[in-house]
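Student: Following this line is structure.txt, made up of compact mmCIF, C-alpha atoms:
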# COMPACT_ATOMS: atom_id res chain seq x y z
CA MET A 103 -26.93 13.62 35.03
CA LYS A 104 -27.71 13.01 31.37
CA PRO A 105 -26.37 9.84 29.74
CA THR A 106 -23.42 9.70 27.34
CA MET A 107 -23.73 8.47 23.78
CA ALA A 108 -20.84 6.55 22.20
CA VAL A 109 -20.04 6.80 18.48
CA ILE A 110 -17.59 4.15 17.30
CA LEU A 111 -15.79 4.88 14.04
CA ALA A 112 -15.48 1.48 12.37
CA GLY A 113 -15.22 2.28 8.68
CA GLY A 114 -11.45 2.21 8.26
CA GLU A 115 -9.98 0.21 5.40
CA GLY A 116 -6.76 -0.57 7.27
CA GLU A 117 -4.66 -1.04 4.14
CA ARG A 118 -1.45 -1.62 6.10
CA LEU A 119 -2.84 -4.95 7.34
CA SER A 120 -2.48 -6.25 3.79
CA ILE A 121 -4.79 -9.13 2.91
CA LEU A 122 -6.11 -9.42 6.48
CA SER A 123 -8.27 -6.36 5.84
CA SER A 124 -8.92 -6.93 2.13
CA VAL A 125 -12.15 -8.86 2.81
CA ARG A 126 -13.25 -7.11 6.01
CA ALA A 127 -13.04 -3.77 7.78
CA LYS A 128 -10.04 -3.41 10.08
CA PRO A 129 -12.21 -3.45 13.26
CA ALA A 130 -13.53 -6.88 12.19
CA VAL A 131 -10.06 -8.49 11.94
CA PRO A 132 -9.75 -11.40 14.43
CA PHE A 133 -7.49 -10.85 17.42
CA GLY A 134 -6.38 -12.90 20.40
CA GLY A 135 -7.87 -16.13 19.12
CA LYS A 136 -11.62 -15.74 19.66
CA TYR A 137 -12.10 -11.96 19.49
CA ARG A 138 -12.41 -9.23 16.86
CA ILE A 139 -10.61 -5.90 17.23
CA ILE A 140 -13.84 -3.95 17.75
CA ASP A 141 -14.77 -6.18 20.72
CA PHE A 142 -12.39 -4.20 22.93
CA THR A 143 -14.03 -0.83 22.26
CA LEU A 144 -17.53 -2.28 22.60
CA SER A 145 -16.56 -4.01 25.85
CA ASN A 146 -15.04 -0.78 27.18
CA CYS A 147 -18.41 0.89 26.59
CA VAL A 148 -20.57 -1.65 28.40
CA ASN A 149 -18.02 -2.12 31.21
CA SER A 150 -18.11 1.67 31.68
CA GLY A 151 -21.90 1.68 31.91
CA ILE A 152 -22.49 3.14 28.44
CA ASP A 153 -25.33 1.33 26.69
CA ASP A 154 -26.19 3.83 23.95
CA VAL A 155 -23.80 3.01 21.09
CA VAL A 156 -23.74 3.91 17.40
CA VAL A 157 -21.27 2.11 15.12
CA LEU A 158 -20.42 3.93 11.87
CA THR A 159 -19.33 1.44 9.23
CA GLN A 160 -18.24 1.89 5.64
CA TYR A 161 -15.60 -0.36 4.10
CA ASN A 162 -16.60 -4.04 3.71
CA PRO A 163 -19.17 -3.82 6.54
CA ARG A 164 -20.65 -7.31 6.22
CA SER A 165 -18.30 -8.97 8.73
CA LEU A 166 -18.98 -6.25 11.28
CA ASN A 167 -22.73 -6.40 10.74
CA ASP A 168 -22.73 -10.18 11.13
CA HIS A 169 -20.48 -10.03 14.18
CA ILE A 170 -22.27 -7.30 16.13
CA GLY A 171 -25.82 -8.08 14.97
CA LEU A 172 -28.29 -6.84 17.59
CA GLY A 173 -25.54 -6.53 20.18
CA ARG A 174 -26.61 -9.39 22.44
CA PRO A 175 -23.08 -10.55 23.48
CA TRP A 176 -22.49 -7.03 24.88
CA ASP A 177 -25.99 -6.76 26.43
CA LEU A 178 -26.79 -4.06 23.86
CA ASP A 179 -29.96 -5.62 22.41
CA ARG A 180 -32.26 -3.05 24.01
CA ASN A 181 -35.43 -1.20 23.08
CA THR A 182 -33.95 2.05 24.41
CA GLY A 183 -30.36 2.79 23.52
CA GLY A 184 -28.50 -0.40 22.62
CA VAL A 185 -26.35 -0.58 19.50
CA ARG A 186 -27.15 0.81 16.07
CA MET A 187 -25.16 0.13 12.90
CA LEU A 188 -25.09 3.04 10.43
CA GLN A 189 -23.60 3.11 6.93
CA PRO A 190 -23.21 5.90 4.34
CA TYR A 191 -26.46 6.61 2.57
CA ILE A 192 -27.78 8.74 -0.28
CA ALA A 193 -29.86 11.69 0.90
CA ARG A 194 -32.21 13.65 -1.35
CA GLY A 195 -30.27 16.31 -3.24
CA ARG A 196 -26.87 15.00 -2.13
CA VAL A 197 -24.15 13.46 -4.27
CA ALA A 198 -23.44 9.85 -3.25
CA GLU A 199 -20.02 9.55 -1.63
CA TRP A 200 -18.22 7.73 1.14
CA TYR A 201 -17.27 9.45 4.36
CA ARG A 202 -14.38 11.82 3.65
CA GLY A 203 -12.97 11.41 7.15
CA THR A 204 -13.80 10.70 10.77
CA ALA A 205 -15.51 14.02 11.48
CA ASP A 206 -17.39 13.85 8.19
CA ALA A 207 -18.76 10.43 9.22
CA VAL A 208 -20.19 12.02 12.39
CA LEU A 209 -21.49 15.04 10.47
CA GLN A 210 -23.35 12.89 7.94
CA ASN A 211 -25.11 11.11 10.81
CA TRP A 212 -25.76 14.19 12.90
CA ASN A 213 -29.53 13.76 12.66
CA VAL A 214 -29.23 10.52 14.66
CA ILE A 215 -26.85 12.03 17.22
CA GLU A 216 -28.85 15.22 17.70
CA ARG A 217 -32.06 13.33 18.52
CA ASP A 218 -30.34 11.40 21.30
CA PRO A 219 -31.05 12.76 24.81
CA SER A 220 -27.38 12.65 25.86
CA ASP A 221 -25.43 15.87 26.40
CA LEU A 222 -22.02 14.29 25.74
CA VAL A 223 -20.77 12.34 22.73
CA LEU A 224 -17.93 9.86 23.18
CA VAL A 225 -16.15 9.44 19.83
CA LEU A 226 -14.11 6.24 19.72
CA ALA A 227 -11.84 4.47 17.26
CA GLY A 228 -13.00 0.91 16.65
CA ASP A 229 -9.62 -0.38 15.47
CA HIS A 230 -7.37 -0.26 18.56
CA ILE A 231 -6.76 -2.83 21.28
CA TYR A 232 -7.15 -1.27 24.71
CA LYS A 233 -8.87 -1.53 28.09
CA MET A 234 -10.20 1.78 29.36
CA ASP A 235 -12.83 2.78 31.89
CA TYR A 236 -14.43 5.86 30.33
CA THR A 237 -16.04 6.93 33.65
CA PRO A 238 -13.11 9.01 35.05
CA PHE A 239 -12.39 10.29 31.53
CA ILE A 240 -15.94 11.66 31.25
CA ALA A 241 -15.84 12.97 34.83
CA ALA A 242 -12.67 14.96 34.06
CA HIS A 243 -14.38 16.43 30.99
CA ARG A 244 -17.40 17.59 33.03
CA ARG A 245 -15.23 18.93 35.85
CA ARG A 246 -13.30 21.18 33.47
CA ARG A 247 -16.43 22.22 31.53
CA ALA A 248 -14.47 21.29 28.42
CA ASP A 249 -15.67 21.44 24.84
CA VAL A 250 -13.60 18.36 24.05
CA THR A 251 -11.31 16.14 26.08
CA ILE A 252 -8.82 13.89 24.27
CA ALA A 253 -7.30 10.74 25.74
CA VAL A 254 -3.52 10.93 25.34
CA ARG A 255 -0.52 8.75 26.09
CA ARG A 256 3.21 8.78 25.53
CA VAL A 257 4.47 6.86 22.50
CA PRO A 258 7.92 6.14 21.05
CA LEU A 259 9.04 9.01 18.85
CA ALA A 260 9.53 6.51 16.01
CA ASP A 261 5.76 5.94 16.02
CA ALA A 262 4.78 9.58 16.48
CA THR A 263 4.82 10.38 12.76
CA ARG A 264 1.78 8.10 12.33
CA MET A 265 -0.30 9.78 15.04
CA GLY A 266 -1.85 13.01 16.21
CA ILE A 267 0.80 14.69 18.38
CA LEU A 268 -0.07 17.42 20.89
CA ALA A 269 1.30 19.72 23.57
CA MET A 270 -0.40 20.48 26.93
CA ASP A 271 0.16 23.06 29.66
CA ASP A 272 0.31 22.37 33.40
CA ASN A 273 -3.51 22.39 33.57
CA ASN A 274 -3.73 19.74 30.80
CA ARG A 275 -5.13 22.28 28.35
CA ILE A 276 -4.01 21.46 24.82
CA PHE A 277 -2.48 24.43 23.00
CA GLU A 278 -1.01 22.67 19.96
CA PHE A 279 -2.08 19.68 17.86
CA GLN A 280 -0.37 18.28 14.76
CA GLU A 281 -1.75 15.39 12.76
CA LYS A 282 0.97 12.90 11.71
CA PRO A 283 3.85 15.42 11.74
CA LYS A 284 7.02 14.62 9.83
CA ALA A 285 9.12 16.03 12.68
CA PRO A 286 7.21 15.46 15.95
CA LYS A 287 7.83 18.01 18.70
CA SER A 288 6.41 15.79 21.43
CA ASP A 289 5.78 12.16 22.33
CA LEU A 290 2.25 12.83 23.60
CA ALA A 291 -0.18 11.23 21.16
CA SER A 292 -3.91 11.20 20.73
CA MET A 293 -5.46 7.76 21.22
CA GLY A 294 -8.33 8.61 18.87
CA VAL A 295 -10.63 8.71 21.92
CA TYR A 296 -12.62 11.93 22.41
CA VAL A 297 -15.49 13.13 24.58
CA PHE A 298 -17.32 16.17 23.19
CA SER A 299 -19.99 18.34 24.67
CA LYS A 300 -22.76 17.94 22.12
CA ARG A 301 -23.24 21.69 21.80
CA ALA A 302 -19.54 22.21 21.01
CA LEU A 303 -19.48 19.27 18.60
CA LYS A 304 -22.38 20.77 16.66
CA LYS A 305 -20.62 24.15 16.55
CA TRP A 306 -17.29 22.88 15.25
CA LEU A 307 -18.36 20.20 12.78
CA ALA A 308 -18.30 21.49 9.21
CA GLU A 309 -18.07 20.09 5.70
CA ASP A 310 -14.64 21.67 5.22
CA ARG A 311 -13.34 19.89 8.36
CA PRO A 312 -13.47 16.20 7.42
CA ASP A 313 -11.15 14.82 10.16
CA PHE A 314 -11.10 15.31 13.90
CA GLY A 315 -7.34 15.25 14.30
CA GLY A 316 -6.40 17.11 11.15
CA ASP A 317 -9.19 19.69 11.08
CA VAL A 318 -11.71 19.90 13.93
CA VAL A 319 -9.36 19.87 16.94
CA PRO A 320 -6.86 22.39 15.46
CA ALA A 321 -9.81 24.68 14.56
CA MET A 322 -11.12 24.44 18.13
CA ILE A 323 -7.72 25.33 19.58
CA GLU A 324 -7.27 28.26 17.21
CA GLY A 325 -10.83 29.42 17.84
CA GLY A 326 -10.49 29.49 21.62
CA GLY A 327 -12.34 26.26 22.39
CA ARG A 328 -11.82 24.55 25.70
CA VAL A 329 -9.64 21.63 24.55
CA PHE A 330 -8.14 19.42 27.25
CA GLY A 331 -6.09 16.24 27.44
CA TYR A 332 -6.59 13.24 29.70
CA ARG A 333 -3.49 11.16 30.38
CA PHE A 334 -4.10 7.42 30.07
CA GLU A 335 -1.56 5.00 31.50
CA GLY A 336 -3.32 1.68 30.86
CA TYR A 337 -2.97 -0.82 28.05
CA TRP A 338 -3.42 0.55 24.52
CA GLN A 339 -2.03 -0.75 21.25
CA ASP A 340 -2.36 0.36 17.68
CA VAL A 341 -2.42 -2.80 15.57
CA GLY A 342 -2.40 -1.04 12.23
CA THR A 343 0.56 -2.89 10.71
CA ILE A 344 1.31 -6.57 10.20
CA GLN A 345 4.25 -6.34 12.61
CA SER A 346 2.33 -4.54 15.39
CA TYR A 347 -0.63 -6.90 14.96
CA TRP A 348 1.65 -9.94 15.23
CA GLU A 349 3.50 -8.51 18.22
CA ALA A 350 0.28 -7.70 20.10
CA ASN A 351 -0.95 -11.25 19.60
CA MET A 352 2.38 -12.78 20.60
CA ALA A 353 2.43 -10.67 23.78
CA LEU A 354 -0.74 -12.44 24.95
CA VAL A 355 1.09 -15.74 25.47
CA GLN A 356 3.66 -14.27 27.87
CA GLU A 357 3.67 -15.31 31.54
CA ARG A 358 2.13 -12.02 32.69
CA PRO A 359 0.80 -10.19 29.64
CA GLU A 360 0.07 -6.48 29.95
CA LEU A 361 -3.36 -7.15 28.43
CA ASP A 362 -5.06 -9.55 30.85
CA LEU A 363 -7.85 -11.36 29.00
CA TYR A 364 -8.62 -13.32 32.16
CA ASP A 365 -9.58 -10.31 34.30
CA ARG A 366 -13.09 -11.18 35.55
CA SER A 367 -13.69 -7.57 36.56
CA TRP A 368 -13.29 -6.35 32.96
CA LEU A 369 -14.52 -9.03 30.60
CA ILE A 370 -13.97 -8.72 26.87
CA HIS A 371 -17.25 -9.77 25.31
CA THR A 372 -17.59 -11.23 21.83
CA ARG A 373 -19.94 -13.13 19.58
CA SER A 374 -18.85 -16.73 19.96
CA GLU A 375 -20.19 -19.86 18.31
CA GLU A 376 -20.94 -22.93 20.38
CA ARG A 377 -18.11 -25.40 19.84
CA ALA A 378 -16.75 -28.40 21.68
CA PRO A 379 -13.88 -27.88 24.18
CA ALA A 380 -10.34 -27.82 22.81
CA LYS A 381 -8.84 -31.31 22.59
CA ILE A 382 -5.15 -31.97 23.17
CA GLY A 383 -4.23 -35.43 21.82
CA GLU A 384 -1.64 -37.88 23.17
CA THR A 385 0.90 -36.91 20.48
CA ALA A 386 0.45 -33.18 21.09
CA GLN A 387 2.96 -30.78 22.59
CA VAL A 388 1.70 -27.31 23.48
CA HIS A 389 3.94 -24.62 24.96
CA ARG A 390 2.98 -21.06 25.92
CA SER A 391 0.08 -20.67 23.50
CA LEU A 392 -3.57 -19.65 23.38
CA ILE A 393 -5.76 -22.54 22.19
CA SER A 394 -9.40 -21.62 21.56
CA HIS A 395 -12.44 -23.83 21.90
CA GLY A 396 -13.07 -26.32 19.11
CA CYS A 397 -9.35 -26.83 18.39
CA VAL A 398 -7.96 -30.34 17.96
CA ILE A 399 -4.20 -30.53 18.55
CA ASN A 400 -2.19 -33.65 17.75
CA GLY A 401 1.03 -31.90 16.69
CA THR A 402 3.28 -29.26 18.26
CA VAL A 403 2.19 -25.69 19.01
CA VAL A 404 4.74 -23.23 20.43
CA ASN A 405 4.26 -19.54 21.24
CA SER A 406 1.19 -19.23 19.00
CA VAL A 407 -2.41 -18.05 19.01
CA LEU A 408 -5.05 -20.41 17.60
CA SER A 409 -8.63 -19.34 16.90
CA PRO A 410 -11.64 -21.65 17.34
CA GLY A 411 -11.77 -24.78 15.19
CA VAL A 412 -8.09 -25.01 14.24
CA ARG A 413 -6.70 -28.52 13.67
CA VAL A 414 -3.01 -29.38 13.95
CA GLU A 415 -2.34 -32.93 12.80
CA VAL A 416 0.30 -35.41 13.97
CA GLY A 417 3.85 -34.26 13.25
CA ALA A 418 2.80 -30.73 12.27
CA VAL A 419 4.55 -27.78 13.97
CA VAL A 420 3.16 -24.29 14.55
CA ARG A 421 5.66 -21.74 15.93
CA ASN A 422 5.34 -18.02 16.63
CA SER A 423 2.24 -17.85 14.47
CA ILE A 424 -1.41 -16.81 14.36
CA ILE A 425 -3.86 -19.33 12.92
CA MET A 426 -7.39 -18.00 12.49
CA PHE A 427 -10.73 -19.78 12.58
CA ASP A 428 -10.96 -23.34 11.20
CA GLY A 429 -7.44 -23.51 9.80
CA VAL A 430 -6.07 -26.99 9.10
CA ILE A 431 -2.38 -27.81 9.39
CA ARG A 432 -1.86 -31.25 7.86
CA GLN A 433 0.57 -33.94 8.97
CA GLY A 434 4.22 -32.90 8.96
CA ALA A 435 3.59 -29.30 7.88
CA ILE A 436 5.56 -26.46 9.51
CA ILE A 437 4.26 -22.94 10.15
CA ASP A 438 6.85 -20.47 11.44
CA ARG A 439 6.27 -16.75 12.09
CA ALA A 440 3.23 -16.56 9.87
CA ILE A 441 -0.37 -15.31 9.98
CA LEU A 442 -2.99 -17.57 8.40
CA ASP A 443 -6.45 -16.12 7.82
CA LYS A 444 -9.65 -18.13 8.27
CA GLU A 445 -10.16 -21.60 6.75
CA VAL A 446 -6.65 -21.94 5.35
CA VAL A 447 -5.53 -25.53 4.66
CA VAL A 448 -1.80 -26.29 4.68
CA GLY A 449 -0.99 -29.58 2.94
CA PRO A 450 1.15 -32.40 4.37
CA GLY A 451 4.85 -31.59 4.60
CA ALA A 452 4.44 -27.99 3.45
CA VAL A 453 6.50 -25.21 5.06
CA VAL A 454 5.16 -21.67 5.55
CA GLY A 455 7.91 -19.32 6.72
CA ASP A 456 10.95 -21.10 5.35
CA GLY A 457 14.55 -20.02 5.76
CA PRO A 458 16.11 -16.80 7.10
CA ASP A 459 14.50 -13.37 6.72
CA GLY A 460 14.63 -12.31 3.10
CA PRO A 461 13.88 -9.15 1.13
CA PRO A 462 10.62 -7.22 1.60
CA ASN A 463 7.62 -8.33 -0.36
CA ARG A 464 7.89 -6.98 -3.90
CA LEU A 465 4.19 -6.11 -4.17
CA GLU A 466 3.86 -4.65 -0.67
CA PRO A 467 7.35 -3.64 0.54
CA GLY A 468 5.97 -1.17 3.06
CA ARG A 469 3.69 -3.75 4.70
CA LEU A 470 5.50 -7.08 4.55
CA ASN A 471 9.12 -6.42 5.47
CA THR A 472 9.78 -7.97 8.91
CA GLY A 473 9.91 -11.66 7.97
CA ILE A 474 6.24 -12.46 8.57
CA THR A 475 4.40 -14.40 5.86
CA VAL A 476 0.66 -13.85 5.46
CA VAL A 477 -1.82 -16.30 3.93
CA GLY A 478 -5.26 -15.12 2.82
CA LYS A 479 -8.67 -16.52 3.66
CA ARG A 480 -9.52 -20.01 2.35
CA ALA A 481 -6.18 -20.48 0.62
CA ILE A 482 -5.00 -24.06 0.06
CA ILE A 483 -1.25 -24.69 0.31
CA PRO A 484 -0.40 -27.89 -1.61
CA ARG A 485 1.54 -30.85 -0.26
CA GLY A 486 5.29 -30.27 0.10
CA GLN A 487 5.11 -26.57 -0.87
CA ARG A 488 7.91 -24.39 0.57
CA ILE A 489 7.08 -20.75 1.19
CA GLY A 490 9.68 -18.22 2.35
CA ARG A 491 9.52 -15.03 4.41
CA ASN A 492 7.67 -11.78 3.66
CA VAL A 493 5.47 -13.75 1.28
CA LYS A 494 1.88 -12.84 0.45
CA ILE A 495 -0.42 -15.75 -0.42
CA GLY A 496 -3.76 -14.41 -1.62
CA GLY A 497 -7.17 -15.57 -0.54
CA ASP A 498 -8.76 -18.58 -2.29
CA VAL A 499 -5.42 -19.57 -3.85
CA ARG A 500 -5.30 -23.21 -5.00
CA GLY A 501 -2.47 -25.57 -5.87
CA THR A 502 -2.67 -24.72 -9.57
CA ASP A 503 -1.92 -21.06 -8.77
CA PHE A 504 1.58 -21.85 -7.48
CA PRO A 505 4.29 -21.49 -10.15
CA GLY A 506 6.50 -24.18 -8.62
CA ARG A 507 7.33 -26.10 -5.46
CA THR A 508 9.08 -23.11 -3.87
CA VAL A 509 7.91 -19.55 -3.26
CA ARG A 510 10.97 -17.46 -2.53
CA SER A 511 11.07 -14.81 0.21
CA GLY A 512 9.51 -11.54 -0.96
CA ASP A 513 7.37 -13.16 -3.66
CA SER A 514 3.56 -13.35 -3.86
CA VAL A 515 1.00 -15.85 -5.11
CA VAL A 516 -2.44 -14.45 -5.92
CA ARG A 517 -5.33 -15.71 -7.98
CA PRO A 518 -5.66 -13.98 -11.37
CA VAL A 519 -8.62 -11.60 -11.57
CA ALA A 520 -11.20 -12.47 -14.20
CA PRO A 521 -11.76 -9.70 -16.79
CA THR A 522 -15.39 -9.15 -15.69
CA GLN A 523 -14.30 -8.77 -12.05
CA ALA A 524 -11.59 -6.30 -13.03
CA ARG A 525 -14.08 -4.14 -14.98
CA THR A 526 -16.51 -4.16 -12.03
CA ALA A 527 -13.74 -3.13 -9.63
CA VAL A 528 -12.74 -0.22 -11.88
CA LYS A 529 -16.34 1.02 -12.10
CA ARG A 530 -16.81 0.73 -8.33
CA THR A 531 -13.59 2.64 -7.65
CA ALA A 532 -14.69 5.43 -9.97
CA ARG A 533 -17.98 5.94 -8.09
CA VAL A 534 -16.66 6.41 -4.56
CA SER A 535 -13.80 8.10 -2.80
CA PRO A 536 -11.69 6.26 -0.23
CA SER A 537 -12.54 6.62 3.44
CA GLY A 538 -10.62 9.06 5.57
CA THR A 539 -8.72 7.75 8.54
CA GLU A 540 -6.88 9.74 11.14
CA GLY A 541 -6.10 10.04 14.83
CA ALA A 542 -3.90 7.53 16.59
CA ALA A 543 -2.73 5.60 13.58
CA SER A 544 -5.61 3.86 11.85
Once more with this new file: its structure as structure tokens, please.
Tutor:
Amino acid sequence: MKPTMAVILAGGEGERLSILSSVRAKPAVPFGGKYRIIDFTLSNCVNSGIDDVVVLTQYNPRSLNDHIGLGRPWDLDRNTGGVRMLQPYIARGRVAEWYRGTADAVLQNWNVIERDPSDLVLVLAGDHIYKMDYTPFIAAHRRRRADVTIAVRRVPLADATRMGILAMDDNNRIFEFQEKPKAPKSDLASMGVYVFSKRALKKWLAEDRPDFGGDVVPAMIEGGGRVFGYRFEGYWQDVGTIQSYWEANMALVQERPELDLYDRSWLIHTRSEERAPAKIGETAQVHRSLISHGCVINGTVVNSVLSPGVRVEVGAVVRNSIIMFDGVIRQGAIIDRAILDKEVVVGPGAVVGDGPDGPPNRLEPGRLNTGITVVGKRAIIPRGQRIGRNVKIGGDVRGTDFPGRTVRSGDSVVRPVAPTQARTAVKRTARVSPSGTEGAAS
């Protein structure tokens, strides 16, 4: 039997994650303390025996490139197969542009895919949290002699408008597919996980079909292609919003979480720096939390997820929050229902997440509206500062950027953009088109 090639789509901008994805692609956003979102898809591949992986990047790819590197943590640093990182490129006689969608990303790299000896192509989203053995999925595809098989699962109807919704007959053949319908007819959703026969993929890819969910799959159904669904009952979460991302992290600290990170039979691999063991001091109190290596805890941590290198000083309190790599919570500070990006320093006595839930964030009402406050990478919160709910604190913010001692709920604090930076951003925006995202809620 010929091998299967995996193509991971990792170029999504993930705008709904606000400032968490402003400096990195969504698949590179930290999750669960020590991991990145893309670690789950990569680990699914290697745990399923797939060692021929192509990762298609686009938006802010540096974090992903640094994280994946040669693929050693996933045993993908191989002479044959292994992992390859591909980005948009300028070909002779072609206008420079970003990928217009998920299918267009595959089409633009078809020369790499076609040369591969595999007869099947597994197309995967790199921005979901899930544990899936692809072996029975691929076996079902071969058994049915399908052109494409799509992994599907039931979702709440409230979420269906953000996903590809489909209908199947008693033989699991898909006869209808709607991408992000305003009025969903079903609660069966695409997970953004496909296995294609290479011959069929070549036939149905076209420049006027930029997305798999919105264009390629409907064209295959209408054209008589053999399109089947594969019901998946295991753990899968879209973490495309601040609320869903926070909830998925908070679920990990439960007594018996649905996503078991401690399952030795299905390890989640990641690139991890060598750090000293976590240290819990004599003044520390830690309750139902994930504490990563390199952390030093002398304060109180409750129902929270701490990445490597976080320090919580004496008298500081962290509740219902996510603190990413190398964050520092100074003496007496309080963090409540907040997400702090990497290397954030919270000054003594400061409060992040103060008071009852307030109005949505005025700059991002559709993203920050559930009471969670988000602090960007390397921000410094000054001593005694009080920050409310649904607040956005931009990356690299300093004490002089705060207008006063209190930031009210729904407000934002961001560093002013220098005129030269603004002109560069305008020019860059004019040269490229935004990336297309589709499928099971990017």
Student: Select, from A:Ala205, A:Met426, A:Val509, A:Ala386, the residue with the minimum atom-to-atom distance to A:Arg480, counting only C-alpha atoms.
Tutor: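 Of A:Ala205, A:Met426, A:Val509, A:Ala386, the one nearest A:Arg480 is A:Met426, counting only C-alpha atoms.
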Student: State, in Å with one decimal place, the distance from atom CA of A:Ile474 to atom CA of A:Gly396.
Tutor: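 According to the coordinates, atom CA of A:Ile474 and atom CA of A:Gly396 are separated by 26.0 Å.
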Student: Which of these, A:Ile231, A:Ile121, A:Leu224, A:Ala291, has the shortest distance to A:Trp338 once you count all atoms listed in the file?
Tutor: A:Ile231
Student: Rank nothing, just name the residue among A:Cys397, A:Val214, A:Ala227, A:Ile267 nearest to A:Pro129, using only C-alpha atoms.
Tutor: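 Result for the nearest residue to A:Pro129: A:Ala227.
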Student: Using 5 Å of padding on each side, determine the axis-aligned box around all atoms of stretch 168-177 of chain A present in the file and give its centre and edge lengths in Å to one decimal, as lines of an AutoDock Vina configuration file.
Tutor:
center_x = -24.4
center_y = -8.5
center_z = 18.8
size_x = 17.8
size_y = 14.0
size_z = 25.3
Student: Work out how far apart atom CA of A:Arg510 and atom CA of A:Arg413 are and give it in Å to one decimal.
Tutor: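 Separation between atom CA of A:Arg510 and atom CA of A:Arg413: 26.4 Å.
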Student: Return the single residue from A:Pro458, A:Pro505, A:Gly449, A:Pro518 that is closest to A:Arg485, with distances computed using all atoms listed in the file.
Tutor: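 Checking each candidate against A:Arg485, we get A:Gly449 as the closest.
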Student: Near A:Glu335, within 12 Å and counting all atoms listed in the file, which residues show up once chain neighbours fewer than 3 positions away are dropped, as a list in words?
Tutor: Tyr232, Lys233, Met234, Asp235, Ala253, Val254, Arg255, Arg256, Val257, Leu290, Met293, Tyr332, Trp338, Gln339 and Glu360 of chain A
